[in-house]
Each structure stands twice: as structure tokens, then as C-alpha cells.
file structure-v3.pdb (PDB, C-alpha atoms)
ATOM      1  CA  MET A   1      86.125 -29.040 -91.629  1.00  0.00           C
ATOM      2  CA  GLY A   2      82.960 -26.949 -91.556  1.00  0.00           C
ATOM      3  CA  ASP A   3      82.801 -27.397 -87.781  1.00  0.00           C
ATOM      4  CA  ILE A   4      86.193 -25.800 -87.320  1.00  0.00           C
ATOM      5  CA  GLU A   5      85.320 -22.715 -89.332  1.00  0.00           C
ATOM      6  CA  ARG A   6      81.897 -22.213 -87.770  1.00  0.00           C
ATOM      7  CA  PRO A   7      81.467 -21.230 -84.139  1.00  0.00           C
ATOM      8  CA  GLU A   8      78.781 -22.862 -81.973  1.00  0.00           C
ATOM      9  CA  SER A   9      76.233 -20.091 -82.568  1.00  0.00           C
ATOM     10  CA  GLY A  10      75.888 -21.013 -86.228  1.00  0.00           C
ATOM     11  CA  GLY A  11      76.966 -17.612 -87.589  1.00  0.00           C
ATOM     12  CA  GLU A  12      80.110 -15.605 -87.758  1.00  0.00           C
ATOM     13  CA  PRO A  13      81.205 -13.979 -84.509  1.00  0.00           C
ATOM     14  CA  GLN A  14      80.263 -10.354 -84.315  1.00  0.00           C
ATOM     15  CA  THR A  15      83.131  -7.912 -84.149  1.00  0.00           C
ATOM     16  CA  GLY A  16      83.391  -4.167 -83.739  1.00  0.00           C
ATOM     17  CA  ILE A  17      80.206  -2.200 -83.277  1.00  0.00           C
ATOM     18  CA  ARG A  18      78.040  -5.237 -84.133  1.00  0.00           C
ATOM     19  CA  ALA A  19      79.213  -6.906 -80.917  1.00  0.00           C
ATOM     20  CA  LEU A  20      77.431  -4.153 -78.976  1.00  0.00           C
ATOM     21  CA  LEU A  21      74.048  -4.937 -80.507  1.00  0.00           C
ATOM     22  CA  PRO A  22      71.689  -6.822 -78.196  1.00  0.00           C
ATOM     23  CA  ASP A  23      70.942 -10.480 -78.681  1.00  0.00           C
ATOM     24  CA  ARG A  24      67.503 -10.870 -80.274  1.00  0.00           C
ATOM     25  CA  GLU A  25      66.703 -14.012 -78.290  1.00  0.00           C
ATOM     26  CA  PHE A  26      67.329 -12.272 -74.980  1.00  0.00           C
ATOM     27  CA  VAL A  27      65.396  -9.119 -75.883  1.00  0.00           C
ATOM     28  CA  THR A  28      62.301 -11.160 -76.750  1.00  0.00           C
ATOM     29  CA  SER A  29      62.562 -13.343 -73.633  1.00  0.00           C
ATOM     30  CA  ARG A  30      60.600 -12.696 -70.420  1.00  0.00           C
ATOM     31  CA  LYS A  31      63.658 -11.273 -68.630  1.00  0.00           C
ATOM     32  CA  GLY A  32      64.505  -9.078 -71.599  1.00  0.00           C
ATOM     33  CA  LEU A  33      60.998  -7.666 -71.786  1.00  0.00           C
ATOM     34  CA  LEU A  34      60.991  -7.004 -68.037  1.00  0.00           C
ATOM     35  CA  LEU A  35      64.313  -5.165 -68.264  1.00  0.00           C
ATOM     36  CA  ILE A  36      63.143  -3.108 -71.239  1.00  0.00           C
ATOM     37  CA  SER A  37      59.997  -2.115 -69.337  1.00  0.00           C
ATOM     38  CA  GLU A  38      62.099  -1.245 -66.251  1.00  0.00           C
ATOM     39  CA  VAL A  39      64.344   0.977 -68.378  1.00  0.00           C
ATOM     40  CA  GLY A  40      61.359   2.645 -70.039  1.00  0.00           C
ATOM     41  CA  LEU A  41      59.389   3.210 -66.841  1.00  0.00           C
ATOM     42  CA  SER A  42      62.437   4.536 -65.013  1.00  0.00           C
ATOM     43  CA  PHE A  43      63.126   6.981 -67.846  1.00  0.00           C
ATOM     44  CA  ILE A  44      59.501   8.182 -67.968  1.00  0.00           C
ATOM     45  CA  THR A  45      59.446   8.577 -64.178  1.00  0.00           C
ATOM     46  CA  PHE A  46      62.723  10.478 -64.352  1.00  0.00           C
ATOM     47  CA  ILE A  47      61.316  12.903 -66.941  1.00  0.00           C
ATOM     48  CA  CYS A  48      58.140  13.410 -64.890  1.00  0.00           C
ATOM     49  CA  PHE A  49      60.143  14.177 -61.744  1.00  0.00           C
ATOM     50  CA  VAL A  50      62.394  16.616 -63.660  1.00  0.00           C
ATOM     51  CA  VAL A  51      59.452  18.768 -64.738  1.00  0.00           C
ATOM     52  CA  SER A  52      57.575  18.526 -61.425  1.00  0.00           C
ATOM     53  CA  THR A  53      57.868  20.449 -58.192  1.00  0.00           C
ATOM     54  CA  SER A  54      59.054  17.256 -56.495  1.00  0.00           C
ATOM     55  CA  ALA A  55      62.399  17.373 -58.305  1.00  0.00           C
ATOM     56  CA  ALA A  56      64.159  16.220 -55.134  1.00  0.00           C
ATOM     57  CA  PHE A  57      63.222  12.647 -56.102  1.00  0.00           C
ATOM     58  CA  VAL A  58      64.886  12.821 -59.516  1.00  0.00           C
ATOM     59  CA  THR A  59      67.932  10.852 -58.356  1.00  0.00           C
ATOM     60  CA  VAL A  60      66.150   7.545 -57.737  1.00  0.00           C
ATOM     61  CA  PRO A  61      64.686   7.095 -61.247  1.00  0.00           C
ATOM     62  CA  LEU A  62      67.967   8.203 -62.814  1.00  0.00           C
ATOM     63  CA  ILE A  63      70.036   5.683 -60.854  1.00  0.00           C
ATOM     64  CA  GLU A  64      67.506   2.912 -61.458  1.00  0.00           C
ATOM     65  CA  PHE A  65      67.404   3.772 -65.159  1.00  0.00           C
ATOM     66  CA  LEU A  66      71.196   3.542 -65.399  1.00  0.00           C
ATOM     67  CA  MET A  67      71.359   0.301 -63.404  1.00  0.00           C
ATOM     68  CA  ALA A  68      68.557  -1.365 -65.384  1.00  0.00           C
ATOM     69  CA  PHE A  69      70.150  -0.212 -68.641  1.00  0.00           C
ATOM     70  CA  PHE A  70      73.504  -1.663 -67.557  1.00  0.00           C
ATOM     71  CA  ILE A  71      71.942  -5.011 -66.615  1.00  0.00           C
ATOM     72  CA  LEU A  72      70.009  -5.069 -69.903  1.00  0.00           C
ATOM     73  CA  PHE A  73      73.212  -4.330 -71.799  1.00  0.00           C
ATOM     74  CA  ALA A  74      75.188  -6.934 -69.831  1.00  0.00           C
ATOM     75  CA  TYR A  75      72.634  -9.694 -70.340  1.00  0.00           C
ATOM     76  CA  SER A  76      71.885  -8.918 -73.986  1.00  0.00           C
ATOM     77  CA  THR A  77      75.560  -8.801 -75.012  1.00  0.00           C
ATOM     78  CA  LYS A  78      76.387 -11.796 -72.787  1.00  0.00           C
ATOM     79  CA  LEU A  79      78.768  -9.696 -70.727  1.00  0.00           C
ATOM     80  CA  ASN A  80      77.627 -11.654 -67.678  1.00  0.00           C
ATOM     81  CA  LYS A  81      79.152 -14.820 -69.141  1.00  0.00           C
ATOM     82  CA  ARG A  82      82.517 -13.107 -69.628  1.00  0.00           C
ATOM     83  CA  PHE A  83      82.755 -11.696 -66.102  1.00  0.00           C
ATOM     84  CA  LYS A  84      82.216 -14.625 -63.792  1.00  0.00           C
ATOM     85  CA  GLY A  85      83.494 -12.786 -60.702  1.00  0.00           C
ATOM     86  CA  PHE A  86      80.093 -11.212 -60.091  1.00  0.00           C
ATOM     87  CA  HIS A  87      77.092 -13.201 -58.942  1.00  0.00           C
ATOM     88  CA  TRP A  88      74.766 -11.680 -61.534  1.00  0.00           C
ATOM     89  CA  PRO A  89      71.422 -13.112 -60.347  1.00  0.00           C
ATOM     90  CA  LEU A  90      72.046 -11.928 -56.782  1.00  0.00           C
ATOM     91  CA  MET A  91      73.112  -8.488 -57.985  1.00  0.00           C
ATOM     92  CA  ASP A  92      69.987  -8.281 -60.151  1.00  0.00           C
ATOM     93  CA  PHE A  93      67.797  -9.496 -57.270  1.00  0.00           C
ATOM     94  CA  LEU A  94      69.149  -6.845 -54.872  1.00  0.00           C
ATOM     95  CA  ARG A  95      68.707  -4.164 -57.541  1.00  0.00           C
ATOM     96  CA  CYS A  96      65.075  -5.137 -58.064  1.00  0.00           C
ATOM     97  CA  VAL A  97      64.246  -5.352 -54.346  1.00  0.00           C
ATOM     98  CA  SER A  98      65.782  -1.969 -53.555  1.00  0.00           C
ATOM     99  CA  ALA A  99      64.175  -0.364 -56.598  1.00  0.00           C
ATOM    100  CA  SER A 100      60.699  -1.630 -55.795  1.00  0.00           C
ATOM    101  CA  VAL A 101      60.888  -0.485 -52.164  1.00  0.00           C
ATOM    102  CA  ILE A 102      62.315   2.935 -53.000  1.00  0.00           C
ATOM    103  CA  TYR A 103      59.920   3.503 -55.912  1.00  0.00           C
ATOM    104  CA  PHE A 104      56.989   2.608 -53.675  1.00  0.00           C
ATOM    105  CA  ILE A 105      58.075   5.107 -50.995  1.00  0.00           C
ATOM    106  CA  ILE A 106      58.762   8.032 -53.342  1.00  0.00           C
ATOM    107  CA  SER A 107      55.569   7.357 -55.294  1.00  0.00           C
ATOM    108  CA  ILE A 108      53.467   7.571 -52.131  1.00  0.00           C
ATOM    109  CA  ILE A 109      55.186  10.825 -51.196  1.00  0.00           C
ATOM    110  CA  ALA A 110      54.859  12.280 -54.720  1.00  0.00           C
ATOM    111  CA  VAL A 111      51.149  11.493 -54.946  1.00  0.00           C
ATOM    112  CA  SER A 112      50.190  12.563 -51.436  1.00  0.00           C
ATOM    113  CA  LYS A 113      52.391  15.592 -50.766  1.00  0.00           C
ATOM    114  CA  TYR A 114      52.693  17.418 -54.097  1.00  0.00           C
ATOM    115  CA  LYS A 115      49.720  18.874 -55.959  1.00  0.00           C
ATOM    116  CA  ASP A 116      51.032  19.430 -59.506  1.00  0.00           C
ATOM    117  CA  ALA A 117      50.116  17.065 -62.341  1.00  0.00           C
ATOM    118  CA  ALA A 118      53.719  16.106 -63.132  1.00  0.00           C
ATOM    119  CA  SER A 119      54.271  14.874 -59.574  1.00  0.00           C
ATOM    120  CA  LYS A 120      51.066  12.869 -59.716  1.00  0.00           C
ATOM    121  CA  ALA A 121      52.123  11.364 -63.070  1.00  0.00           C
ATOM    122  CA  ALA A 122      55.556  10.550 -61.659  1.00  0.00           C
ATOM    123  CA  GLY A 123      53.870   8.850 -58.717  1.00  0.00           C
ATOM    124  CA  VAL A 124      51.613   6.785 -60.973  1.00  0.00           C
ATOM    125  CA  PHE A 125      54.512   5.716 -63.184  1.00  0.00           C
ATOM    126  CA  GLY A 126      56.468   5.005 -60.002  1.00  0.00           C
ATOM    127  CA  PHE A 127      53.715   2.669 -58.792  1.00  0.00           C
ATOM    128  CA  ILE A 128      53.755   0.879 -62.153  1.00  0.00           C
ATOM    129  CA  ALA A 129      57.550   0.624 -61.926  1.00  0.00           C
ATOM    130  CA  THR A 130      57.170  -0.776 -58.402  1.00  0.00           C
ATOM    131  CA  ILE A 131      54.965  -3.551 -59.748  1.00  0.00           C
ATOM    132  CA  VAL A 132      57.364  -4.352 -62.607  1.00  0.00           C
ATOM    133  CA  PHE A 133      60.417  -4.409 -60.316  1.00  0.00           C
ATOM    134  CA  ALA A 134      58.535  -6.532 -57.771  1.00  0.00           C
ATOM    135  CA  LEU A 135      57.512  -8.980 -60.493  1.00  0.00           C
ATOM    136  CA  ASP A 136      61.127  -9.169 -61.637  1.00  0.00           C
ATOM    137  CA  PHE A 137      62.486  -9.888 -58.158  1.00  0.00           C
ATOM    138  CA  TYR A 138      59.735 -12.469 -57.585  1.00  0.00           C
ATOM    139  CA  ILE A 139      60.763 -14.313 -60.741  1.00  0.00           C
ATOM    140  CA  ILE A 140      64.464 -14.092 -59.826  1.00  0.00           C
ATOM    141  CA  PHE A 141      63.690 -15.347 -56.316  1.00  0.00           C
ATOM    142  CA  ASN A 142      61.747 -18.333 -57.664  1.00  0.00           C
ATOM    143  CA  ASP A 143      64.561 -19.170 -60.088  1.00  0.00           C
ATOM    144  CA  LEU A 144      67.142 -18.984 -57.308  1.00  0.00           C
ATOM    145  CA  ALA A 145      64.962 -21.033 -54.955  1.00  0.00           C
ATOM    146  CA  ASN A 146      64.451 -23.728 -57.596  1.00  0.00           C
ATOM    147  CA  PHE A 147      68.178 -23.772 -58.272  1.00  0.00           C
ATOM    148  CA  LEU A 148      68.960 -24.173 -54.588  1.00  0.00           C
ATOM    149  CA  LYS A 149      66.217 -26.775 -54.162  1.00  0.00           C
ATOM    150  CA  LYS A 150      67.695 -28.852 -56.973  1.00  0.00           C
ATOM    151  CA  GLY A 151      71.110 -28.598 -55.348  1.00  0.00           C
ATOM    152  CA  ASP A 152      69.723 -29.663 -51.960  1.00  0.00           C
ATOM    153  CA  THR A 153      67.902 -32.738 -53.287  1.00  0.00           C
ATOM    154  CA  THR A 154      71.045 -34.160 -54.857  1.00  0.00           C
ATOM    155  CA  ASP A 155      73.176 -33.536 -51.769  1.00  0.00           C
ATOM    156  CA  GLU A 156      70.588 -34.517 -49.154  1.00  0.00           C
ATOM    157  CA  PRO A 157      70.846 -38.336 -49.354  1.00  0.00           C
ATOM    158  CA  ALA A 158      74.634 -38.197 -49.229  1.00  0.00           C
ATOM    159  CA  GLU A 159      74.544 -36.021 -46.108  1.00  0.00           C
ATOM    160  CA  GLY A 160      71.914 -38.281 -44.521  1.00  0.00           C
ATOM    161  CA  GLU A 161      74.068 -41.328 -45.135  1.00  0.00           C
ATOM    162  CA  GLU A 162      77.079 -39.613 -43.581  1.00  0.00           C
ATOM    163  CA  ASP A 163      75.032 -38.584 -40.538  1.00  0.00           C
ATOM    164  CA  SER A 164      73.633 -42.099 -40.070  1.00  0.00           C
ATOM    165  CA  ASP A 165      77.117 -43.573 -40.342  1.00  0.00           C
ATOM    166  CA  SER A 166      78.527 -41.143 -37.809  1.00  0.00           C
ATOM    167  CA  ASP A 167      75.651 -41.764 -35.342  1.00  0.00           C
ATOM    168  CA  SER A 168      76.059 -45.536 -35.413  1.00  0.00           C
ATOM    169  CA  ASP A 169      79.764 -45.373 -34.505  1.00  0.00           C
TER     170      ASP A 169
END
call {"tool": "encode", "arguments": {"input": "structure-v3.pdb", "output": "C-alpha cells"}}
result
Amino acid sequence: MGDIERPESGGEPQTGIRALLPDREFVTSRKGLLLISEVGLSFITFICFVVSTSAAFVTVPLIEFLMAFFILFAYSTKLNKRFKGFHWPLMDFLRCVSASVIYFIISIIAVSKYKDAASKAAGVFGFIATIVFALDFYIIFNDLANFLKKGDTTDEPAEGEEDSDSDSD
């Protein structure tokens, strides 16, 4: 009877505002820490670009901050498990690839073209953000490649048997 009253997680299901709180296990995981650092670096870069003379680049850190915050929120509240229509790892991979490329480009421009200290700081934080986003997409890529490799090894003998049967006929 205790199994019926208790959900699988071992505690009572969170309702109301408590359901919006992040999952502690996810926040302390490698992906959670990467997303928190992406959110923090994007926010710091955004603030540096706001106060600098290179304010034309303020859009990129703001958009990346909002996207990283959304992904962090979605993963930590398990929103990704409720909405199965999206391919979350691919969406996260494309976000990380585009962010690292764009951060790298605007950081080079901010450091080389503008002379004020805020632009230089934004460029430095942009380079750090580039490294963090690149590390994140590398990890996602390896996870996806391992997933696909596992799927190929189980299907490969069956396809080979079908091909050998069709060739012998």
C-alpha cells in the first residue's frame, strides 16, 4: 500500500511554486554546471557590452543568456521529459555550436577594434564563454555519437544478414 501512495521519486510530488525549483541532482551534474556557467558568462558579457562603446554586440550575449537560461530551466525542471516533440539534445547542440562561433567572432572584434576597458573585458569574457560553449557542444557531440554507435552495432548484423541473403538469391 505504501507503493501506491509514494511516487517513484521517493518524495511527494512538488506542486505550485515548488515545481519551478531546479532539481538538485541536475544542478550539481556536469551538464548543470556547464549550463550555469554559460548563463553566468553570458550575463557578465552582456553587462560588459552594455557599458562599453561596442554596444552594437549587446544582442548576442542577451540572446545566448536567455537561451541558456531556458535550457537550464527546462532540464532542471524536467520540462524536456514532458515535451517529447522537440529533439532536445540536437537543439542544445545547435545552440552551443552557434554560440561558440558567434562569441568567438564578436570577441575578436571587441578586443581588436575597440580601445575601452569594458570592450576588452567583454572580449575576454566572450573568449571564456566560447571555450565553455565549445566544451558543452563537444560533450553533447560525443554523447550523440556514442548513442548512434550503440544503435548501429545492434542493427549492423541484422542488415548484414539481409544483404547476404539478398545477394545469394
call {"tool": "residues_near_point", "arguments": {"input": "structure-v3.pdb", "point": "(59.4, 3.9, -69.0)", "cutoff": "10 Å", "atoms": "all atoms listed in the file", "output": "tab-separated table (two decimals) with C-alpha atoms, in the frame of the given file"}}
result
chain	number	residue	atom	x	y	z
A	36	ILE	CA	63.14	-3.11	-71.24
A	37	SER	CA	60.00	-2.12	-69.34
A	38	GLU	CA	62.10	-1.25	-66.25
A	39	VAL	CA	64.34	0.98	-68.38
A	40	GLY	CA	61.36	2.64	-70.04
A	41	LEU	CA	59.39	3.21	-66.84
A	42	SER	CA	62.44	4.54	-65.01
A	43	PHE	CA	63.13	6.98	-67.85
A	44	ILE	CA	59.50	8.18	-67.97
A	45	THR	CA	59.45	8.58	-64.18
A	46	PHE	CA	62.72	10.48	-64.35
A	47	ILE	CA	61.32	12.90	-66.94
A	61	PRO	CA	64.69	7.10	-61.25
A	65	PHE	CA	67.40	3.77	-65.16
A	125	PHE	CA	54.51	5.72	-63.18
A	126	GLY	CA	56.47	5.00	-60.00
A	128	ILE	CA	53.76	0.88	-62.15
A	129	ALA	CA	57.55	0.62	-61.93
call {"tool": "atom_distance", "arguments": {"input": "structure-v3.pdb", "atom1": "CA of Phe86 in chain A", "atom2": "CA of Leu34 in chain A"}}
result
21.1 Å
call {"tool": "residues_around", "arguments": {"input": "structure-v3.pdb", "residues": "Lys113 in chain A", "least_positions_apart": "4", "cutoff": "9 Å", "atoms": "all atoms listed in the file", "output": "ChimeraX atom specification"}}
result
/A:54,108-109
call {"tool": "residues_near_point", "arguments": {"input": "structure-v3.pdb", "point": "(57.3, -7.2, -62.1)", "cutoff": "12 Å", "atoms": "all atoms listed in the file", "output": "ChimeraX atom specification"}}
result
/A:30-31,33-38,41,93,96-97,99-100,127-141
call {"tool": "atom_distance", "arguments": {"input": "structure-v3.pdb", "atom1": "CA of Asn80 in chain A", "atom2": "CA of Phe104 in chain A"}}
result
28.7 Å
call {"tool": "atom_distance", "arguments": {"input": "structure-v3.pdb", "atom1": "CA of Val124 in chain A", "atom2": "CA of Val50 in chain A"}}
result
14.8 Å
call {"tool": "closest_residue", "arguments": {"input": "structure-v3.pdb", "among": "A:Ser98, A:Tyr114, A:Thr59, A:Trp88", "to": "Ala74 in chain A", "atoms": "all atoms listed in the file"}}
result
A:Trp88
call {"tool": "closest_residue", "arguments": {"input": "structure-v3.pdb", "among": "A:Leu90, A:Phe147, A:Lys84, A:Arg95", "to": "Ala68 in chain A", "atoms": "all atoms listed in the file"}}
result
A:Arg95
call {"tool": "resolve_selection", "arguments": {"input": "structure-v3.pdb", "expression": "the PyMOL selection byres ((chain A and resi 73) around 12)", "output": "JSON list (two decimals) with C-alpha atoms, keeping the file's coordinate frame"}}
result
[["chain", "number", "residue", "atom", "x", "y", "z"],
["A", 19, "ALA", "CA", 79.21, -6.91, -80.92],
["A", 20, "LEU", "CA", 77.43, -4.15, -78.98],
["A", 21, "LEU", "CA", 74.05, -4.94, -80.51],
["A", 22, "PRO", "CA", 71.69, -6.82, -78.20],
["A", 23, "ASP", "CA", 70.94, -10.48, -78.68],
["A", 26, "PHE", "CA", 67.33, -12.27, -74.98],
["A", 27, "VAL", "CA", 65.40, -9.12, -75.88],
["A", 32, "GLY", "CA", 64.50, -9.08, -71.60],
["A", 35, "LEU", "CA", 64.31, -5.16, -68.26],
["A", 36, "ILE", "CA", 63.14, -3.11, -71.24],
["A", 39, "VAL", "CA", 64.34, 0.98, -68.38],
["A", 65, "PHE", "CA", 67.40, 3.77, -65.16],
["A", 66, "LEU", "CA", 71.20, 3.54, -65.40],
["A", 67, "MET", "CA", 71.36, 0.30, -63.40],
["A", 68, "ALA", "CA", 68.56, -1.36, -65.38],
["A", 69, "PHE", "CA", 70.15, -0.21, -68.64],
["A", 70, "PHE", "CA", 73.50, -1.66, -67.56],
["A", 71, "ILE", "CA", 71.94, -5.01, -66.61],
["A", 72, "LEU", "CA", 70.01, -5.07, -69.90],
["A", 74, "ALA", "CA", 75.19, -6.93, -69.83],
["A", 75, "TYR", "CA", 72.63, -9.69, -70.34],
["A", 76, "SER", "CA", 71.89, -8.92, -73.99],
["A", 77, "THR", "CA", 75.56, -8.80, -75.01],
["A", 78, "LYS", "CA", 76.39, -11.80, -72.79],
["A", 79, "LEU", "CA", 78.77, -9.70, -70.73],
["A", 80, "ASN", "CA", 77.63, -11.65, -67.68]]
call {"tool": "closest_residue", "arguments": {"input": "structure-v3.pdb", "among": "A:Ile102, A:Ala145, A:Pro89, A:Ser107", "to": "Ser119 in chain A", "atoms": "only C-alpha atoms"}}
result
A:Ser107
call {"tool": "resolve_selection", "arguments": {"input": "structure-v3.pdb", "expression": "the PyMOL selection byres ((chain A and resi 118) around 8)", "output": "list in words"}}
result
Cys48, Phe49, Val51, Ser52, Thr53, Asp116, Ala117, Ser119, Lys120, Ala121 and Ala122 of chain A
call {"tool": "write_last_selection", "arguments": {"input": "structure-v3.pdb", "atoms": "C-alpha atoms", "output": "mmCIF file, in the frame of the given file"}}
result
data_model
loop_
_atom_site.group_PDB
_atom_site.id
_atom_site.type_symbol
_atom_site.label_atom_id
_atom_site.label_comp_id
_atom_site.auth_asym_id
_atom_site.auth_seq_id
_atom_site.Cartn_x
_atom_site.Cartn_y
_atom_site.Cartn_z
ATOM 1 C CA CYS A 48 58.140 13.410 -64.890
ATOM 2 C CA PHE A 49 60.143 14.177 -61.744
ATOM 3 C CA VAL A 51 59.452 18.768 -64.738
ATOM 4 C CA SER A 52 57.575 18.526 -61.425
ATOM 5 C CA THR A 53 57.868 20.449 -58.192
ATOM 6 C CA ASP A 116 51.032 19.430 -59.506
ATOM 7 C CA ALA A 117 50.116 17.065 -62.341
ATOM 8 C CA SER A 119 54.271 14.874 -59.574
ATOM 9 C CA LYS A 120 51.066 12.869 -59.716
ATOM 10 C CA ALA A 121 52.123 11.364 -63.070
ATOM 11 C CA ALA A 122 55.556 10.550 -61.659
#
call {"tool": "closest_residue", "arguments": {"input": "structure-v3.pdb", "among": "A:Leu144, A:Ala110, A:Lys150, A:Arg24", "to": "Asp92 in chain A", "atoms": "all atoms listed in the file"}}
result
A:Leu144
